[in-house]
Amino acid sequence: VLVTTPKAFLVAQNSSTSLQWNTFRIIVFDEVHHVIKDHPYRKIAQGISTARQENKHLDLQIIGLTASLTYSVTDSSVQKSIESLVRELQISHMATAELEELQASGYHGSIAVAEVEEIPLEEKSRNDVLPLELRKPHLLSQQFFERLDMDRSTVFTKALMSIIRLLEAKVAKMDSSFSSPLKKSSIKLWGKYA
């Protein structure tokens, strides 16, 4: 049994021969609706499809779970999303639990009614949050570290960076060639680093 995030799985699969599709019997996609958008789940689904084309005897069962099958609203767009999901995962059977089934199994939920109340935001600016007018995508990394160095980051950011620095110090003790890539590489590469 392997439990992982989709991105971590893709990275691990690309660097390991023991994680190829023929080593699995069941793949469970939690929040399977992510397959129909630009998401690591989509890349996994495409990998499974390719593996099935290359090996017709690949015995791989896919189970997709979701509470929200699609982001679509209109009937036609919901239908298109479902067709895309069926095509991407090569689904042969789709099932849903009816309310009676859920209640027979002990479900005691009720229809929720949401009340939305607008809450006015404080006008004063916070020192630890980057003002909206300074939020430029191409400067995020630079601003992140500048604010961290000037002690103008949120409490969460400071705690997170403290943990990262401790982990990096441990890695550096085990591998003398290790150098933190955070300030040297693009924000896009941080996920790979993680």
# chains A, B, ... in the order shown; residues from 1 in each chain; ligands from 1

$ residues_around --residues "region 149-163 of chain A" --least-positions-apart "2" --cutoff "12 Å" --atoms "only C-alpha atoms" --output "VMD selection string"
chain A and resid 126 to 131 142 to 147 165 to 170 182 to 183

$ write_last_selection --atoms "N, CA, C and O atoms" --output "compact mmCIF listing (two decimals), in the first residue's frame"
# COMPACT_ATOMS: atom_id res chain seq x y z
N ARG A 126 -1.34 45.81 7.72
CA ARG A 126 -0.53 44.98 8.60
C ARG A 126 0.90 44.99 8.09
O ARG A 126 1.14 44.90 6.90
N ASN A 127 1.82 45.03 8.99
CA ASN A 127 3.23 45.05 8.65
C ASN A 127 3.71 43.71 8.09
O ASN A 127 4.67 43.66 7.34
N ASP A 128 3.05 42.60 8.48
CA ASP A 128 3.52 41.27 8.09
C ASP A 128 2.87 40.72 6.81
O ASP A 128 3.15 39.61 6.41
N VAL A 129 2.03 41.51 6.16
CA VAL A 129 1.36 41.06 4.94
C VAL A 129 1.73 42.00 3.80
O VAL A 129 1.67 43.21 3.93
N LEU A 130 2.11 41.41 2.69
CA LEU A 130 2.51 42.20 1.52
C LEU A 130 1.30 42.94 0.95
O LEU A 130 0.29 42.33 0.64
N PRO A 131 1.37 44.26 0.82
CA PRO A 131 0.24 45.02 0.27
C PRO A 131 -0.09 44.56 -1.15
O PRO A 131 0.80 44.16 -1.90
N GLN A 142 11.68 37.04 -4.63
CA GLN A 142 12.55 38.10 -4.11
C GLN A 142 11.89 38.79 -2.92
O GLN A 142 12.52 38.99 -1.88
N GLN A 143 10.61 39.15 -3.05
CA GLN A 143 9.91 39.83 -1.96
C GLN A 143 9.76 38.93 -0.74
O GLN A 143 9.86 39.39 0.39
N PHE A 144 9.54 37.65 -0.99
CA PHE A 144 9.39 36.70 0.11
C PHE A 144 10.64 36.72 1.00
O PHE A 144 10.55 36.87 2.21
N PHE A 145 11.81 36.58 0.38
CA PHE A 145 13.05 36.53 1.15
C PHE A 145 13.43 37.89 1.73
O PHE A 145 13.97 37.97 2.84
N GLU A 146 13.15 38.96 1.01
CA GLU A 146 13.43 40.30 1.55
C GLU A 146 12.61 40.54 2.81
O GLU A 146 13.12 41.01 3.82
N ARG A 147 11.33 40.20 2.76
CA ARG A 147 10.47 40.40 3.92
C ARG A 147 10.88 39.49 5.07
O ARG A 147 10.82 39.88 6.23
N ARG A 165 14.92 25.42 7.59
CA ARG A 165 16.35 25.61 7.85
C ARG A 165 16.90 24.48 8.72
O ARG A 165 18.04 24.04 8.51
N LEU A 166 16.11 24.00 9.68
CA LEU A 166 16.54 22.85 10.49
C LEU A 166 16.70 21.60 9.63
O LEU A 166 17.69 20.87 9.75
N LEU A 167 15.74 21.37 8.73
CA LEU A 167 15.82 20.21 7.84
C LEU A 167 17.02 20.33 6.90
O LEU A 167 17.73 19.35 6.67
N GLU A 168 17.23 21.52 6.37
CA GLU A 168 18.37 21.71 5.48
C GLU A 168 19.69 21.49 6.21
O GLU A 168 20.64 20.92 5.65
N ALA A 169 19.76 21.90 7.46
CA ALA A 169 20.99 21.70 8.25
C ALA A 169 21.25 20.20 8.44
O ALA A 169 22.39 19.75 8.35
N LYS A 170 20.19 19.43 8.67
CA LYS A 170 20.33 17.96 8.82
C LYS A 170 20.83 17.34 7.51
O LYS A 170 21.71 16.49 7.52
N LEU A 182 16.59 27.25 -2.42
CA LEU A 182 15.48 28.19 -2.31
C LEU A 182 15.77 29.57 -2.87
O LEU A 182 15.00 30.10 -3.64
N LYS A 183 16.87 30.18 -2.48
CA LYS A 183 17.16 31.53 -2.97
C LYS A 183 17.77 31.52 -4.37
O LYS A 183 17.84 32.55 -5.01

$ residues_around --residues "Phe9 (chain A)" --least-positions-apart "2" --cutoff "12 Å" --atoms "only C-alpha atoms" --output "PDB file with all heavy atoms, in the first residue's frame"
ATOM      1  N   LEU A   2       0.624   2.117  -0.925  1.00  0.00           N
ATOM      2  CA  LEU A   2       1.370   3.359  -1.036  1.00  0.00           C
ATOM      3  C   LEU A   2       0.379   4.513  -0.985  1.00  0.00           C
ATOM      4  O   LEU A   2      -0.561   4.554  -1.768  1.00  0.00           O
ATOM      5  CB  LEU A   2       2.145   3.403  -2.357  1.00  0.00           C
ATOM      6  CG  LEU A   2       2.842   4.717  -2.700  1.00  0.00           C
ATOM      7  CD1 LEU A   2       3.971   4.997  -1.711  1.00  0.00           C
ATOM      8  CD2 LEU A   2       3.363   4.681  -4.118  1.00  0.00           C
ATOM      9  N   VAL A   3       0.570   5.423  -0.058  1.00  0.00           N
ATOM     10  CA  VAL A   3      -0.273   6.616   0.045  1.00  0.00           C
ATOM     11  C   VAL A   3       0.627   7.808  -0.231  1.00  0.00           C
ATOM     12  O   VAL A   3       1.674   7.960   0.398  1.00  0.00           O
ATOM     13  CB  VAL A   3      -0.915   6.741   1.452  1.00  0.00           C
ATOM     14  CG1 VAL A   3      -1.744   8.004   1.547  1.00  0.00           C
ATOM     15  CG2 VAL A   3      -1.756   5.516   1.761  1.00  0.00           C
ATOM     16  N   THR A   4       0.221   8.645  -1.187  1.00  0.00           N
ATOM     17  CA  THR A   4       1.078   9.747  -1.591  1.00  0.00           C
ATOM     18  C   THR A   4       0.252  10.863  -2.206  1.00  0.00           C
ATOM     19  O   THR A   4      -0.899  10.655  -2.578  1.00  0.00           O
ATOM     20  CB  THR A   4       2.136   9.251  -2.606  1.00  0.00           C
ATOM     21  OG1 THR A   4       2.967  10.337  -2.998  1.00  0.00           O
ATOM     22  CG2 THR A   4       1.490   8.669  -3.840  1.00  0.00           C
ATOM     23  N   THR A   5       0.851  12.015  -2.331  1.00  0.00           N
ATOM     24  CA  THR A   5       0.218  13.084  -3.105  1.00  0.00           C
ATOM     25  C   THR A   5       0.503  12.801  -4.577  1.00  0.00           C
ATOM     26  O   THR A   5       1.498  12.136  -4.903  1.00  0.00           O
ATOM     27  CB  THR A   5       0.777  14.473  -2.735  1.00  0.00           C
ATOM     28  OG1 THR A   5       2.158  14.522  -3.080  1.00  0.00           O
ATOM     29  CG2 THR A   5       0.573  14.771  -1.252  1.00  0.00           C
ATOM     30  N   PRO A   6      -0.332  13.300  -5.485  1.00  0.00           N
ATOM     31  CA  PRO A   6      -0.101  13.012  -6.905  1.00  0.00           C
ATOM     32  C   PRO A   6       1.235  13.545  -7.420  1.00  0.00           C
ATOM     33  O   PRO A   6       1.931  12.863  -8.166  1.00  0.00           O
ATOM     34  CB  PRO A   6      -1.284  13.661  -7.618  1.00  0.00           C
ATOM     35  CG  PRO A   6      -1.965  14.518  -6.631  1.00  0.00           C
ATOM     36  CD  PRO A   6      -1.565  14.063  -5.273  1.00  0.00           C
ATOM     37  N   LYS A   7       1.627  14.728  -7.021  1.00  0.00           N
ATOM     38  CA  LYS A   7       2.884  15.315  -7.497  1.00  0.00           C
ATOM     39  C   LYS A   7       4.073  14.510  -6.977  1.00  0.00           C
ATOM     40  O   LYS A   7       5.004  14.205  -7.735  1.00  0.00           O
ATOM     41  CB  LYS A   7       2.990  16.783  -7.057  1.00  0.00           C
ATOM     42  CG  LYS A   7       4.248  17.473  -7.524  1.00  0.00           C
ATOM     43  CD  LYS A   7       4.301  17.578  -9.026  1.00  0.00           C
ATOM     44  CE  LYS A   7       5.531  18.350  -9.474  1.00  0.00           C
ATOM     45  NZ  LYS A   7       5.639  18.433 -10.904  1.00  0.00           N
ATOM     46  N   VAL A  11       6.949  12.446  -9.287  1.00  0.00           N
ATOM     47  CA  VAL A  11       8.388  12.655  -9.128  1.00  0.00           C
ATOM     48  C   VAL A  11       9.067  11.333  -8.787  1.00  0.00           C
ATOM     49  O   VAL A  11      10.082  10.963  -9.376  1.00  0.00           O
ATOM     50  CB  VAL A  11       8.681  13.731  -8.050  1.00  0.00           C
ATOM     51  CG1 VAL A  11      10.156  13.781  -7.705  1.00  0.00           C
ATOM     52  CG2 VAL A  11       8.190  15.096  -8.511  1.00  0.00           C
ATOM     53  N   ALA A  12       8.489  10.596  -7.826  1.00  0.00           N
ATOM     54  CA  ALA A  12       9.070   9.317  -7.409  1.00  0.00           C
ATOM     55  C   ALA A  12       9.029   8.291  -8.541  1.00  0.00           C
ATOM     56  O   ALA A  12       9.980   7.542  -8.746  1.00  0.00           O
ATOM     57  CB  ALA A  12       8.334   8.785  -6.183  1.00  0.00           C
ATOM     58  N   GLN A  13       7.935   8.265  -9.285  1.00  0.00           N
ATOM     59  CA  GLN A  13       7.794   7.296 -10.375  1.00  0.00           C
ATOM     60  C   GLN A  13       8.834   7.540 -11.463  1.00  0.00           C
ATOM     61  O   GLN A  13       9.359   6.594 -12.049  1.00  0.00           O
ATOM     62  CB  GLN A  13       6.387   7.345 -10.966  1.00  0.00           C
ATOM     63  CG  GLN A  13       6.132   6.218 -11.957  1.00  0.00           C
ATOM     64  CD  GLN A  13       4.770   6.289 -12.597  1.00  0.00           C
ATOM     65  OE1 GLN A  13       4.317   7.370 -12.965  1.00  0.00           O
ATOM     66  NE2 GLN A  13       4.118   5.149 -12.719  1.00  0.00           N
ATOM     67  N   ASN A  14       9.132   8.798 -11.727  1.00  0.00           N
ATOM     68  CA  ASN A  14      10.129   9.126 -12.752  1.00  0.00           C
ATOM     69  C   ASN A  14      11.545   8.722 -12.349  1.00  0.00           C
ATOM     70  O   ASN A  14      12.413   8.588 -13.202  1.00  0.00           O
ATOM     71  CB  ASN A  14      10.093  10.618 -13.087  1.00  0.00           C
ATOM     72  CG  ASN A  14       8.871  10.975 -13.904  1.00  0.00           C
ATOM     73  OD1 ASN A  14       8.319  10.147 -14.614  1.00  0.00           O
ATOM     74  ND2 ASN A  14       8.434  12.216 -13.787  1.00  0.00           N
ATOM     75  N   SER A  15      11.773   8.538 -11.048  1.00  0.00           N
ATOM     76  CA  SER A  15      13.132   8.206 -10.601  1.00  0.00           C
ATOM     77  C   SER A  15      13.239   6.793 -10.029  1.00  0.00           C
ATOM     78  O   SER A  15      14.258   6.443  -9.455  1.00  0.00           O
ATOM     79  CB  SER A  15      13.595   9.228  -9.561  1.00  0.00           C
ATOM     80  OG  SER A  15      12.751   9.179  -8.430  1.00  0.00           O
ATOM     81  N   SER A  16      12.187   5.975 -10.198  1.00  0.00           N
ATOM     82  CA  SER A  16      12.219   4.638  -9.619  1.00  0.00           C
ATOM     83  C   SER A  16      11.588   3.614 -10.556  1.00  0.00           C
ATOM     84  O   SER A  16      10.506   3.829 -11.088  1.00  0.00           O
ATOM     85  CB  SER A  16      11.458   4.640  -8.285  1.00  0.00           C
ATOM     86  OG  SER A  16      11.290   3.326  -7.814  1.00  0.00           O
ATOM     87  N   SER A  18      10.672   0.711  -9.420  1.00  0.00           N
ATOM     88  CA  SER A  18       9.749  -0.088  -8.606  1.00  0.00           C
ATOM     89  C   SER A  18       8.348   0.516  -8.533  1.00  0.00           C
ATOM     90  O   SER A  18       7.446  -0.093  -7.972  1.00  0.00           O
ATOM     91  CB  SER A  18      10.299  -0.269  -7.191  1.00  0.00           C
ATOM     92  OG  SER A  18      10.393   0.986  -6.551  1.00  0.00           O
ATOM     93  N   LEU A  19       8.147   1.700  -9.099  1.00  0.00           N
ATOM     94  CA  LEU A  19       6.828   2.344  -9.053  1.00  0.00           C
ATOM     95  C   LEU A  19       6.155   2.391 -10.419  1.00  0.00           C
ATOM     96  O   LEU A  19       5.343   3.265 -10.684  1.00  0.00           O
ATOM     97  CB  LEU A  19       6.957   3.763  -8.495  1.00  0.00           C
ATOM     98  CG  LEU A  19       7.389   3.875  -7.042  1.00  0.00           C
ATOM     99  CD1 LEU A  19       7.542   5.327  -6.630  1.00  0.00           C
ATOM    100  CD2 LEU A  19       6.393   3.173  -6.121  1.00  0.00           C
ATOM    101  N   GLN A  20       6.483   1.456 -11.292  1.00  0.00           N
ATOM    102  CA  GLN A  20       5.848   1.416 -12.604  1.00  0.00           C
ATOM    103  C   GLN A  20       4.457   0.802 -12.473  1.00  0.00           C
ATOM    104  O   GLN A  20       4.150   0.113 -11.500  1.00  0.00           O
ATOM    105  CB  GLN A  20       6.734   0.657 -13.599  1.00  0.00           C
ATOM    106  CG  GLN A  20       8.115   1.294 -13.766  1.00  0.00           C
ATOM    107  CD  GLN A  20       8.059   2.800 -14.011  1.00  0.00           C
ATOM    108  OE1 GLN A  20       7.385   3.264 -14.924  1.00  0.00           O
ATOM    109  NE2 GLN A  20       8.761   3.581 -13.191  1.00  0.00           N
ATOM    110  N   TRP A  21       3.619   1.041 -13.463  1.00  0.00           N
ATOM    111  CA  TRP A  21       2.203   0.661 -13.364  1.00  0.00           C
ATOM    112  C   TRP A  21       1.974  -0.832 -13.191  1.00  0.00           C
ATOM    113  O   TRP A  21       1.014  -1.244 -12.557  1.00  0.00           O
ATOM    114  CB  TRP A  21       1.434   1.185 -14.578  1.00  0.00           C
ATOM    115  CG  TRP A  21       1.403   2.680 -14.589  1.00  0.00           C
ATOM    116  CD1 TRP A  21       1.929   3.497 -15.544  1.00  0.00           C
ATOM    117  CD2 TRP A  21       0.861   3.539 -13.594  1.00  0.00           C
ATOM    118  NE1 TRP A  21       1.752   4.814 -15.208  1.00  0.00           N
ATOM    119  CE2 TRP A  21       1.096   4.871 -14.003  1.00  0.00           C
ATOM    120  CE3 TRP A  21       0.215   3.336 -12.386  1.00  0.00           C
ATOM    121  CZ2 TRP A  21       0.697   5.965 -13.257  1.00  0.00           C
ATOM    122  CZ3 TRP A  21      -0.184   4.434 -11.640  1.00  0.00           C
ATOM    123  CH2 TRP A  21       0.063   5.724 -12.079  1.00  0.00           C
ATOM    124  N   ILE A  27      -5.535   1.541  -8.098  1.00  0.00           N
ATOM    125  CA  ILE A  27      -5.152   2.943  -7.916  1.00  0.00           C
ATOM    126  C   ILE A  27      -6.395   3.685  -7.453  1.00  0.00           C
ATOM    127  O   ILE A  27      -7.444   3.601  -8.094  1.00  0.00           O
ATOM    128  CB  ILE A  27      -4.668   3.586  -9.240  1.00  0.00           C
ATOM    129  CG1 ILE A  27      -3.536   2.790  -9.880  1.00  0.00           C
ATOM    130  CG2 ILE A  27      -4.282   5.041  -9.028  1.00  0.00           C
ATOM    131  CD1 ILE A  27      -2.230   2.845  -9.155  1.00  0.00           C
ATOM    132  N   PRO A  40      -1.700  17.284 -11.428  1.00  0.00           N
ATOM    133  CA  PRO A  40      -0.904  16.059 -11.479  1.00  0.00           C
ATOM    134  C   PRO A  40      -1.754  14.783 -11.668  1.00  0.00           C
ATOM    135  O   PRO A  40      -1.291  13.815 -12.271  1.00  0.00           O
ATOM    136  CB  PRO A  40      -0.183  16.046 -10.132  1.00  0.00           C
ATOM    137  CG  PRO A  40      -0.033  17.490  -9.794  1.00  0.00           C
ATOM    138  CD  PRO A  40      -1.302  18.134 -10.297  1.00  0.00           C
ATOM    139  N   TYR A  41      -2.996  14.781 -11.177  1.00  0.00           N
ATOM    140  CA  TYR A  41      -3.871  13.625 -11.405  1.00  0.00           C
ATOM    141  C   TYR A  41      -4.062  13.371 -12.904  1.00  0.00           C
ATOM    142  O   TYR A  41      -4.148  12.232 -13.334  1.00  0.00           O
ATOM    143  CB  TYR A  41      -5.241  13.852 -10.773  1.00  0.00           C
ATOM    144  CG  TYR A  41      -5.387  13.368  -9.353  1.00  0.00           C
ATOM    145  CD1 TYR A  41      -6.515  13.694  -8.616  1.00  0.00           C
ATOM    146  CD2 TYR A  41      -4.429  12.579  -8.736  1.00  0.00           C
ATOM    147  CE1 TYR A  41      -6.682  13.250  -7.321  1.00  0.00           C
ATOM    148  CE2 TYR A  41      -4.583  12.146  -7.438  1.00  0.00           C
ATOM    149  CZ  TYR A  41      -5.705  12.476  -6.727  1.00  0.00           C
ATOM    150  OH  TYR A  41      -5.874  12.033  -5.448  1.00  0.00           O
ATOM    151  N   LYS A  43      -1.916  13.978 -15.277  1.00  0.00           N
ATOM    152  CA  LYS A  43      -0.691  13.354 -15.783  1.00  0.00           C
ATOM    153  C   LYS A  43      -0.631  11.880 -15.384  1.00  0.00           C
ATOM    154  O   LYS A  43      -0.187  11.039 -16.154  1.00  0.00           O
ATOM    155  CB  LYS A  43       0.522  14.118 -15.271  1.00  0.00           C
ATOM    156  CG  LYS A  43       0.649  15.504 -15.887  1.00  0.00           C
ATOM    157  CD  LYS A  43       1.870  16.225 -15.367  1.00  0.00           C
ATOM    158  CE  LYS A  43       2.059  17.561 -16.034  1.00  0.00           C
ATOM    159  NZ  LYS A  43       1.211  18.605 -15.566  1.00  0.00           N
ATOM    160  N   ILE A  44      -1.093  11.568 -14.176  1.00  0.00           N
ATOM    161  CA  ILE A  44      -1.139  10.168 -13.742  1.00  0.00           C
ATOM    162  C   ILE A  44      -2.107   9.384 -14.622  1.00  0.00           C
ATOM    163  O   ILE A  44      -1.797   8.285 -15.089  1.00  0.00           O
ATOM    164  CB  ILE A  44      -1.526  10.062 -12.249  1.00  0.00           C
ATOM    165  CG1 ILE A  44      -0.380  10.588 -11.381  1.00  0.00           C
ATOM    166  CG2 ILE A  44      -1.875   8.627 -11.877  1.00  0.00           C
ATOM    167  CD1 ILE A  44      -0.703  10.698  -9.904  1.00  0.00           C
ATOM    168  N   GLY A  47      -0.585   8.720 -17.873  1.00  0.00           N
ATOM    169  CA  GLY A  47       0.437   7.674 -17.737  1.00  0.00           C
ATOM    170  C   GLY A  47      -0.178   6.288 -17.709  1.00  0.00           C
ATOM    171  O   GLY A  47       0.336   5.341 -18.318  1.00  0.00           O
ATOM    172  N   LYS A 192       9.527  20.603  -6.584  1.00  0.00           N
ATOM    173  CA  LYS A 192      10.463  19.505  -6.866  1.00  0.00           C
ATOM    174  C   LYS A 192      11.441  19.367  -5.712  1.00  0.00           C
ATOM    175  O   LYS A 192      11.779  18.270  -5.281  1.00  0.00           O
ATOM    176  CB  LYS A 192      11.184  19.768  -8.185  1.00  0.00           C
ATOM    177  CG  LYS A 192      12.017  18.619  -8.635  1.00  0.00           C
ATOM    178  CD  LYS A 192      12.585  18.864 -10.015  1.00  0.00           C
ATOM    179  CE  LYS A 192      13.362  17.651 -10.477  1.00  0.00           C
ATOM    180  NZ  LYS A 192      13.883  17.810 -11.816  1.00  0.00           N
TER     181      LYS A 192
END

$ atom_distance --atom1 "CA of Asn55 (chain A)" --atom2 "CA of Val1 (chain A)"
22.6 Å

$ atom_distance --atom1 "CA of Ala172 (chain A)" --atom2 "CA of Leu140 (chain A)"
26.3 Å

$ select_by_dssp --residues "region 39-80 of chain A" --states "helix (DSSP H, G or I)" --output "list in words"
Pro40, Tyr41, Arg42, Lys43, Ile44, Ala45, Gln46, Gly47, Ile48, Ser49, Thr50, Ala51, Arg52, Gln53, Glu54, Asp75, Ser76, Ser77, Val78, Gln79 and Lys80 of chain A

$ write_last_selection --atoms "N, CA and C atoms" --output "PDB file, in the first residue's frame"
ATOM      1  N   PRO A  40      -1.700  17.284 -11.428  1.00  0.00           N
ATOM      2  CA  PRO A  40      -0.904  16.059 -11.479  1.00  0.00           C
ATOM      3  C   PRO A  40      -1.754  14.783 -11.668  1.00  0.00           C
ATOM      4  N   TYR A  41      -2.996  14.781 -11.177  1.00  0.00           N
ATOM      5  CA  TYR A  41      -3.871  13.625 -11.405  1.00  0.00           C
ATOM      6  C   TYR A  41      -4.062  13.371 -12.904  1.00  0.00           C
ATOM      7  N   ARG A  42      -4.150  14.416 -13.672  1.00  0.00           N
ATOM      8  CA  ARG A  42      -4.333  14.262 -15.120  1.00  0.00           C
ATOM      9  C   ARG A  42      -3.109  13.581 -15.740  1.00  0.00           C
ATOM     10  N   LYS A  43      -1.916  13.978 -15.277  1.00  0.00           N
ATOM     11  CA  LYS A  43      -0.691  13.354 -15.783  1.00  0.00           C
ATOM     12  C   LYS A  43      -0.631  11.880 -15.384  1.00  0.00           C
ATOM     13  N   ILE A  44      -1.093  11.568 -14.176  1.00  0.00           N
ATOM     14  CA  ILE A  44      -1.139  10.168 -13.742  1.00  0.00           C
ATOM     15  C   ILE A  44      -2.107   9.384 -14.622  1.00  0.00           C
ATOM     16  N   ALA A  45      -3.288   9.957 -14.869  1.00  0.00           N
ATOM     17  CA  ALA A  45      -4.284   9.288 -15.723  1.00  0.00           C
ATOM     18  C   ALA A  45      -3.718   9.056 -17.118  1.00  0.00           C
ATOM     19  N   GLN A  46      -3.012  10.033 -17.655  1.00  0.00           N
ATOM     20  CA  GLN A  46      -2.405   9.880 -18.986  1.00  0.00           C
ATOM     21  C   GLN A  46      -1.321   8.803 -18.968  1.00  0.00           C
ATOM     22  N   GLY A  47      -0.585   8.720 -17.873  1.00  0.00           N
ATOM     23  CA  GLY A  47       0.437   7.674 -17.737  1.00  0.00           C
ATOM     24  C   GLY A  47      -0.178   6.288 -17.709  1.00  0.00           C
ATOM     25  N   ILE A  48      -1.305   6.156 -16.997  1.00  0.00           N
ATOM     26  CA  ILE A  48      -2.004   4.875 -16.951  1.00  0.00           C
ATOM     27  C   ILE A  48      -2.516   4.512 -18.338  1.00  0.00           C
ATOM     28  N   SER A  49      -3.073   5.475 -19.036  1.00  0.00           N
ATOM     29  CA  SER A  49      -3.593   5.238 -20.381  1.00  0.00           C
ATOM     30  C   SER A  49      -2.485   4.756 -21.320  1.00  0.00           C
ATOM     31  N   THR A  50      -1.343   5.409 -21.252  1.00  0.00           N
ATOM     32  CA  THR A  50      -0.197   5.009 -22.086  1.00  0.00           C
ATOM     33  C   THR A  50       0.255   3.599 -21.726  1.00  0.00           C
ATOM     34  N   ALA A  51       0.334   3.314 -20.423  1.00  0.00           N
ATOM     35  CA  ALA A  51       0.755   1.979 -19.983  1.00  0.00           C
ATOM     36  C   ALA A  51      -0.218   0.911 -20.470  1.00  0.00           C
ATOM     37  N   ARG A  52      -1.493   1.214 -20.460  1.00  0.00           N
ATOM     38  CA  ARG A  52      -2.500   0.253 -20.945  1.00  0.00           C
ATOM     39  C   ARG A  52      -2.374   0.026 -22.451  1.00  0.00           C
ATOM     40  N   GLN A  53      -2.027   1.059 -23.183  1.00  0.00           N
ATOM     41  CA  GLN A  53      -1.836   0.905 -24.626  1.00  0.00           C
ATOM     42  C   GLN A  53      -0.610   0.059 -24.926  1.00  0.00           C
ATOM     43  N   GLU A  54       0.429   0.220 -24.121  1.00  0.00           N
ATOM     44  CA  GLU A  54       1.672  -0.525 -24.329  1.00  0.00           C
ATOM     45  C   GLU A  54       1.568  -1.972 -23.846  1.00  0.00           C
ATOM     46  N   ASP A  75     -26.181  21.917 -17.267  1.00  0.00           N
ATOM     47  CA  ASP A  75     -26.326  20.501 -17.606  1.00  0.00           C
ATOM     48  C   ASP A  75     -25.348  20.069 -18.689  1.00  0.00           C
ATOM     49  N   SER A  76     -25.203  20.887 -19.740  1.00  0.00           N
ATOM     50  CA  SER A  76     -24.321  20.501 -20.844  1.00  0.00           C
ATOM     51  C   SER A  76     -22.860  20.468 -20.411  1.00  0.00           C
ATOM     52  N   SER A  77     -22.440  21.428 -19.590  1.00  0.00           N
ATOM     53  CA  SER A  77     -21.043  21.429 -19.154  1.00  0.00           C
ATOM     54  C   SER A  77     -20.777  20.314 -18.133  1.00  0.00           C
ATOM     55  N   VAL A  78     -21.771  19.976 -17.322  1.00  0.00           N
ATOM     56  CA  VAL A  78     -21.631  18.837 -16.408  1.00  0.00           C
ATOM     57  C   VAL A  78     -21.450  17.561 -17.223  1.00  0.00           C
ATOM     58  N   GLN A  79     -22.273  17.403 -18.268  1.00  0.00           N
ATOM     59  CA  GLN A  79     -22.185  16.228 -19.124  1.00  0.00           C
ATOM     60  C   GLN A  79     -20.802  16.145 -19.794  1.00  0.00           C
ATOM     61  N   LYS A  80     -20.292  17.260 -20.285  1.00  0.00           N
ATOM     62  CA  LYS A  80     -18.971  17.275 -20.921  1.00  0.00           C
ATOM     63  C   LYS A  80     -17.886  16.898 -19.914  1.00  0.00           C
TER      64      LYS A  80
END

$ select_by_dssp --residues "region 16-167 of chain A" --states "strand (DSSP E)" --output "list in words"
Ile26, Ile27, Val28, Phe29, Asp30, Gln61, Ile62, Ile63, Gly64 and Leu65 of chain A

$ write_last_selection --atoms "N, CA, C and O atoms" --output "PDB file, in the first residue's frame"
ATOM      1  N   ILE A  26      -4.486  -1.767  -7.796  1.00  0.00           N
ATOM      2  CA  ILE A  26      -5.588  -0.816  -7.599  1.00  0.00           C
ATOM      3  C   ILE A  26      -4.990   0.573  -7.389  1.00  0.00           C
ATOM      4  O   ILE A  26      -4.060   0.746  -6.608  1.00  0.00           O
ATOM      5  N   ILE A  27      -5.535   1.541  -8.098  1.00  0.00           N
ATOM      6  CA  ILE A  27      -5.152   2.943  -7.916  1.00  0.00           C
ATOM      7  C   ILE A  27      -6.395   3.685  -7.453  1.00  0.00           C
ATOM      8  O   ILE A  27      -7.444   3.601  -8.094  1.00  0.00           O
ATOM      9  N   VAL A  28      -6.299   4.390  -6.335  1.00  0.00           N
ATOM     10  CA  VAL A  28      -7.426   5.156  -5.812  1.00  0.00           C
ATOM     11  C   VAL A  28      -7.127   6.642  -5.986  1.00  0.00           C
ATOM     12  O   VAL A  28      -6.106   7.138  -5.507  1.00  0.00           O
ATOM     13  N   PHE A  29      -8.011   7.321  -6.698  1.00  0.00           N
ATOM     14  CA  PHE A  29      -7.924   8.771  -6.853  1.00  0.00           C
ATOM     15  C   PHE A  29      -8.921   9.394  -5.881  1.00  0.00           C
ATOM     16  O   PHE A  29     -10.125   9.251  -6.066  1.00  0.00           O
ATOM     17  N   ASP A  30      -8.435  10.059  -4.848  1.00  0.00           N
ATOM     18  CA  ASP A  30      -9.335  10.802  -3.977  1.00  0.00           C
ATOM     19  C   ASP A  30      -9.459  12.194  -4.598  1.00  0.00           C
ATOM     20  O   ASP A  30      -8.466  12.775  -5.027  1.00  0.00           O
ATOM     21  N   GLN A  61      -6.961  -1.767 -11.695  1.00  0.00           N
ATOM     22  CA  GLN A  61      -8.298  -1.247 -11.409  1.00  0.00           C
ATOM     23  C   GLN A  61      -8.159   0.166 -10.853  1.00  0.00           C
ATOM     24  O   GLN A  61      -7.308   0.438 -10.016  1.00  0.00           O
ATOM     25  N   ILE A  62      -9.010   1.058 -11.336  1.00  0.00           N
ATOM     26  CA  ILE A  62      -8.985   2.446 -10.871  1.00  0.00           C
ATOM     27  C   ILE A  62     -10.279   2.732 -10.121  1.00  0.00           C
ATOM     28  O   ILE A  62     -11.368   2.448 -10.617  1.00  0.00           O
ATOM     29  N   ILE A  63     -10.128   3.299  -8.948  1.00  0.00           N
ATOM     30  CA  ILE A  63     -11.281   3.713  -8.152  1.00  0.00           C
ATOM     31  C   ILE A  63     -11.158   5.220  -7.952  1.00  0.00           C
ATOM     32  O   ILE A  63     -10.131   5.706  -7.474  1.00  0.00           O
ATOM     33  N   GLY A  64     -12.175   5.952  -8.365  1.00  0.00           N
ATOM     34  CA  GLY A  64     -12.175   7.404  -8.219  1.00  0.00           C
ATOM     35  C   GLY A  64     -13.231   7.822  -7.222  1.00  0.00           C
ATOM     36  O   GLY A  64     -14.377   7.402  -7.305  1.00  0.00           O
ATOM     37  N   LEU A  65     -12.841   8.632  -6.261  1.00  0.00           N
ATOM     38  CA  LEU A  65     -13.764   9.113  -5.228  1.00  0.00           C
ATOM     39  C   LEU A  65     -13.866  10.628  -5.299  1.00  0.00           C
ATOM     40  O   LEU A  65     -12.870  11.308  -5.508  1.00  0.00           O
TER      41      LEU A  65
END

$ closest_residue --among "A:Leu58, A:Ile164, A:Val35, A:Val73" --to "Arg87 (chain A)" --atoms "only C-alpha atoms"
A:Val35

$ closest_residue --among "A:Asn22, A:Val171, A:Leu148, A:Val32" --to "Leu89 (chain A)" --atoms "only C-alpha atoms"
A:Val32
